[in-house]
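Engineer: structure32.pdb is reproduced below (PDB, C-alpha atoms).
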```pdb
MODEL        1
ATOM      1  CA  MET A 175       0.000   0.000   0.000  1.00  0.00           C
ATOM      2  CA  ARG A 176       1.335   3.398  -0.966  1.00  0.00           C
ATOM      3  CA  ARG A 177       1.872   5.893   1.838  1.00  0.00           C
ATOM      4  CA  ARG A 178      -0.163   9.056   1.750  1.00  0.00           C
ATOM      5  CA  SER A 179       1.664  12.290   1.181  1.00  0.00           C
ATOM      6  CA  TYR A 180       0.746  15.896   1.764  1.00  0.00           C
ATOM      7  CA  GLY A 181       2.207  16.638  -1.653  1.00  0.00           C
ATOM      8  CA  HIS A 182       3.714  19.936  -0.516  1.00  0.00           C
ATOM      9  CA  GLU A 183       7.300  21.072  -0.867  1.00  0.00           C
ATOM     10  CA  CYS A 184       7.254  22.667   2.594  1.00  0.00           C
ATOM     11  CA  PRO A 185       9.782  21.103   5.025  1.00  0.00           C
ATOM     12  CA  VAL A 186       7.073  20.566   7.672  1.00  0.00           C
ATOM     13  CA  ALA A 187       4.906  18.640   5.192  1.00  0.00           C
ATOM     14  CA  ARG A 188       7.893  16.572   4.074  1.00  0.00           C
ATOM     15  CA  SER A 189       8.712  15.768   7.702  1.00  0.00           C
ATOM     16  CA  LEU A 190       5.125  14.741   8.359  1.00  0.00           C
ATOM     17  CA  ASP A 191       5.158  12.539   5.254  1.00  0.00           C
ATOM     18  CA  ILE A 192       7.787  10.483   7.098  1.00  0.00           C
ATOM     19  CA  LEU A 193       6.788  10.935  10.744  1.00  0.00           C
ATOM     20  CA  GLY A 194       3.095  11.768  10.680  1.00  0.00           C
ATOM     21  CA  GLU A 195       1.656   8.258  10.974  1.00  0.00           C
ATOM     22  CA  ARG A 196       0.262   7.108  14.317  1.00  0.00           C
ATOM     23  CA  TRP A 197       2.853   5.539  16.654  1.00  0.00           C
ATOM     24  CA  THR A 198       5.855   6.721  14.620  1.00  0.00           C
ATOM     25  CA  PHE A 199       7.065   9.394  17.053  1.00  0.00           C
ATOM     26  CA  LEU A 200       6.484   7.029  19.980  1.00  0.00           C
ATOM     27  CA  ILE A 201       8.677   4.394  18.326  1.00  0.00           C
ATOM     28  CA  VAL A 202      11.433   6.966  17.815  1.00  0.00           C
ATOM     29  CA  HIS A 203      10.965   8.076  21.432  1.00  0.00           C
ATOM     30  CA  ALA A 204      11.332   4.482  22.635  1.00  0.00           C
ATOM     31  CA  LEU A 205      14.568   4.094  20.675  1.00  0.00           C
ATOM     32  CA  LEU A 206      16.165   7.275  22.032  1.00  0.00           C
ATOM     33  CA  ASP A 207      17.388   5.249  25.022  1.00  0.00           C
ATOM     34  CA  GLY A 208      19.316   2.908  22.724  1.00  0.00           C
ATOM     35  CA  GLU A 209      18.895  -0.249  20.701  1.00  0.00           C
ATOM     36  CA  ALA A 210      15.988  -2.551  21.440  1.00  0.00           C
ATOM     37  CA  ARG A 211      14.664  -5.866  20.192  1.00  0.00           C
ATOM     38  CA  PHE A 212      11.199  -6.046  18.659  1.00  0.00           C
ATOM     39  CA  SER A 213       9.804  -7.669  21.810  1.00  0.00           C
ATOM     40  CA  GLU A 214      11.305  -4.910  23.975  1.00  0.00           C
ATOM     41  CA  LEU A 215       9.713  -2.254  21.791  1.00  0.00           C
ATOM     42  CA  SER A 216       6.367  -4.035  22.095  1.00  0.00           C
ATOM     43  CA  LEU A 217       6.670  -3.857  25.885  1.00  0.00           C
ATOM     44  CA  ARG A 218       7.642  -0.174  25.806  1.00  0.00           C
ATOM     45  CA  LEU A 219       4.675   0.624  23.561  1.00  0.00           C
ATOM     46  CA  PRO A 220       1.651  -1.102  25.084  1.00  0.00           C
ATOM     47  CA  GLY A 221      -1.291  -1.159  22.723  1.00  0.00           C
ATOM     48  CA  ILE A 222       0.589  -1.161  19.427  1.00  0.00           C
ATOM     49  CA  PRO A 223      -0.308  -4.191  17.296  1.00  0.00           C
ATOM     50  CA  SER A 224       2.778  -6.183  16.294  1.00  0.00           C
ATOM     51  CA  ASN A 225       1.986  -5.903  12.581  1.00  0.00           C
ATOM     52  CA  LEU A 226       1.796  -2.109  12.889  1.00  0.00           C
ATOM     53  CA  LEU A 227       5.065  -1.956  14.846  1.00  0.00           C
ATOM     54  CA  SER A 228       6.719  -4.066  12.168  1.00  0.00           C
ATOM     55  CA  SER A 229       5.331  -1.854   9.410  1.00  0.00           C
ATOM     56  CA  ARG A 230       6.432   1.377  11.112  1.00  0.00           C
ATOM     57  CA  LEU A 231       9.927   0.017  11.772  1.00  0.00           C
ATOM     58  CA  LYS A 232      10.269  -0.918   8.093  1.00  0.00           C
ATOM     59  CA  SER A 233       9.091   2.551   7.033  1.00  0.00           C
ATOM     60  CA  LEU A 234      11.509   4.236   9.434  1.00  0.00           C
ATOM     61  CA  GLU A 235      14.320   2.002   8.184  1.00  0.00           C
ATOM     62  CA  GLN A 236      13.519   2.874   4.544  1.00  0.00           C
ATOM     63  CA  ALA A 237      13.493   6.571   5.480  1.00  0.00           C
ATOM     64  CA  GLY A 238      16.949   6.212   7.041  1.00  0.00           C
ATOM     65  CA  LEU A 239      15.898   6.964  10.633  1.00  0.00           C
ATOM     66  CA  VAL A 240      16.168   3.437  12.047  1.00  0.00           C
ATOM     67  CA  ARG A 241      18.758   0.763  11.442  1.00  0.00           C
ATOM     68  CA  ARG A 242      18.101  -2.946  11.824  1.00  0.00           C
ATOM     69  CA  VAL A 243      21.007  -5.008  13.163  1.00  0.00           C
ATOM     70  CA  PRO A 244      20.464  -8.779  12.796  1.00  0.00           C
ATOM     71  CA  TYR A 245      21.764 -10.976  15.609  1.00  0.00           C
ATOM     72  CA  SER A 246      20.204 -14.347  14.698  1.00  0.00           C
ATOM     73  CA  THR A 247      19.338 -15.990  11.403  1.00  0.00           C
ATOM     74  CA  HIS A 248      17.231 -18.909  12.726  1.00  0.00           C
ATOM     75  CA  PRO A 249      14.804 -17.538  13.698  1.00  0.00           C
ATOM     76  CA  PRO A 250      15.558 -14.143  12.165  1.00  0.00           C
ATOM     77  CA  ARG A 251      15.954 -11.590  14.939  1.00  0.00           C
ATOM     78  CA  ALA A 252      17.373  -8.111  15.117  1.00  0.00           C
ATOM     79  CA  TYR A 253      18.006  -5.088  17.268  1.00  0.00           C
ATOM     80  CA  TYR A 254      16.641  -1.744  16.163  1.00  0.00           C
ATOM     81  CA  GLY A 255      18.413   1.535  16.769  1.00  0.00           C
ATOM     82  CA  LEU A 256      18.303   5.104  15.575  1.00  0.00           C
ATOM     83  CA  THR A 257      20.599   6.439  12.897  1.00  0.00           C
ATOM     84  CA  ASP A 258      22.090   9.907  13.250  1.00  0.00           C
ATOM     85  CA  ALA A 259      19.041  11.277  11.408  1.00  0.00           C
ATOM     86  CA  GLY A 260      16.765   9.521  13.918  1.00  0.00           C
ATOM     87  CA  LYS A 261      18.783  10.773  16.883  1.00  0.00           C
ATOM     88  CA  ALA A 262      18.494  14.298  15.487  1.00  0.00           C
ATOM     89  CA  LEU A 263      14.765  14.131  16.367  1.00  0.00           C
ATOM     90  CA  ARG A 264      15.562  14.367  20.097  1.00  0.00           C
ATOM     91  CA  PRO A 265      15.049  18.163  20.286  1.00  0.00           C
ATOM     92  CA  VAL A 266      11.764  17.794  18.403  1.00  0.00           C
ATOM     93  CA  LEU A 267      10.570  15.206  20.921  1.00  0.00           C
ATOM     94  CA  ASP A 268      11.812  17.385  23.794  1.00  0.00           C
ATOM     95  CA  ALA A 269       9.744  20.250  22.369  1.00  0.00           C
ATOM     96  CA  LEU A 270       6.662  18.009  21.976  1.00  0.00           C
ATOM     97  CA  HIS A 271       7.126  16.805  25.549  1.00  0.00           C
ATOM     98  CA  GLY A 272       7.226  20.373  26.848  1.00  0.00           C
ATOM     99  CA  TRP A 273       4.268  21.417  24.748  1.00  0.00           C
ATOM    100  CA  GLY A 274       2.287  18.393  25.923  1.00  0.00           C
ATOM    101  CA  GLN A 275       2.960  19.255  29.549  1.00  0.00           C
ATOM    102  CA  GLU A 276       2.075  22.903  29.080  1.00  0.00           C
ATOM    103  CA  TYR A 277      -0.837  22.790  26.659  1.00  0.00           C
ATOM    104  CA  GLY A 278      -1.800  19.218  25.787  1.00  0.00           C
ATOM    105  CA  MET A 279      -3.042  18.354  29.253  1.00  0.00           C
ATOM    106  CA  ARG A 280      -4.854  21.669  29.543  1.00  0.00           C
ATOM    107  CA  ILE A 281      -6.611  21.071  26.222  1.00  0.00           C
ATOM    108  CA  HIS A 282      -7.722  17.638  27.444  1.00  0.00           C
ATOM    109  CA  GLY A 283      -8.865  19.139  30.751  1.00  0.00           C
ATOM    110  CA  GLU A 284      -6.327  17.187  32.797  1.00  0.00           C
ATOM    111  CA  ARG A 285      -3.940  18.299  35.460  1.00  0.00           C
ATOM    112  CA  PRO A 286      -0.254  17.565  34.894  1.00  0.00           C
ATOM    113  CA  LEU A 287       0.959  14.282  36.364  1.00  0.00           C
ATOM    114  CA  ARG A 288       3.141  14.593  39.451  1.00  0.00           C
ATOM    115  CA  ALA A 289       6.079  12.418  40.416  1.00  0.00           C
ATOM    116  CA  THR A 290       4.081  10.898  43.269  1.00  0.00           C
ATOM    117  CA  GLY A 291       1.444   9.323  41.060  1.00  0.00           C
ATOM    118  CA  GLY A 292      -0.998   9.652  38.231  1.00  0.00           C
ATOM    119  CA  ARG A 293      -4.674  10.432  38.070  1.00  0.00           C
ATOM    120  CA  ARG A 294      -7.527   8.155  39.110  1.00  0.00           C
ATOM    121  CA  GLY A 295      -5.317   6.040  41.322  1.00  0.00           C
ATOM    122  CA  ARG A 296      -3.003   4.848  38.550  1.00  0.00           C
ATOM    123  CA  ARG A 297       0.681   5.192  39.222  1.00  0.00           C
ATOM    124  CA  ALA A 298       2.579   7.036  36.562  1.00  0.00           C
ATOM    125  CA  ALA A 299       6.235   7.795  36.346  1.00  0.00           C
ATOM    126  CA  ALA A 300       7.092  11.455  36.389  1.00  0.00           C
ATOM    127  CA  PRO A 301       7.914  12.693  32.913  1.00  0.00           C
ATOM    128  CA  PRO A 302      11.591  13.514  32.515  1.00  0.00           C
ATOM    129  CA  GLU A 303      12.546  17.157  32.562  1.00  0.00           C
ATOM    130  CA  SER A 304      14.188  16.645  29.210  1.00  0.00           C
ATOM    131  CA  LEU A 305      14.516  13.631  26.984  1.00  0.00           C
ATOM    132  CA  SER A 306      18.139  14.582  26.446  1.00  0.00           C
ATOM    133  CA  ALA A 307      19.010  14.439  30.135  1.00  0.00           C
TER     134      ALA A 307
ENDMDL
END
```
Would you mind writing the file's structure down as structure tokens?
Structural biologist:
Amino acid sequence: MRRRSYGHECPVARSLDILGERWTFLIVHALLDGEARFSELSLRLPGIPSNLLSSRLKSLEQAGLVRRVPYSTHPPRAYYGLTDAGKALRPVLDALHGWGQEYGMRIHGERPLRATGGRRGRRAAAPPESLSA
């Protein structure tokens, strides 16, 4: 299936052609900590169907943001990691994180999560001050 494109020459549209699909930024975010196996990524991204994770990883690899490093041939297994182009998205994700804390929660009518716990009795880890820390 052919990927949809905005069809604009604008750099933002071109970026979104690559990164604008659901789960894509979260996959990049999960790989900012370093290489991970497919099963580890599945655990870090609860709710993503395995076929969608596989598809997004292939798209990110084709775009040059993710590299696949095989470590077993039978069965075929690999680690996934970010290329330099993928790692260059860290400031973008830092900015999205800050925006989400400042405005995203307000738009959804939620209070920011605190380090001591989440809302409605669920425990939630405190968001890092910066993804680059």
Engineer: Name all residues at most 12 Å from range 201-207 of chain A (count only C-alpha atoms; drop same-chain ones fewer than 2 positions away) and give them as an MDAnalysis selection string.
Structural biologist: chainID A and resid 192:199 209:212 214:220 222 226:235 239:242 253:268 270:271 304:307
Engineer: One number please: CA of Leu190 in chain A to CA of Asn225 in chain A, in Å, one decimal.
Structural biologist: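 Going from CA of Leu190 in chain A over to CA of Asn225 in chain A covers 21.3 Å.
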Engineer: What gap, in Å, lies between CA of Gly181 in chain A and CA of Gln236 in chain A?
Structural biologist: 18.9 Å
Engineer: Take CA of His248 in chain A and CA of Pro223 in chain A and report the distance between them in Å, one decimal.
Structural biologist: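 A separation of 23.3 Å between them.
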Engineer: To test the calculation: enclose all listed atoms of range 249-255 of chain A in a box whose edges run along x, y and z, add 4 Å on each side, then state centre and edge lengths in Å to one decimal, as AutoDock Vina command-line options.
Structural biologist:
```
--center_x 16.6 --center_y -8.0 --center_z 14.7 --size_x 11.6 --size_y 27.1 --size_z 13.1
```
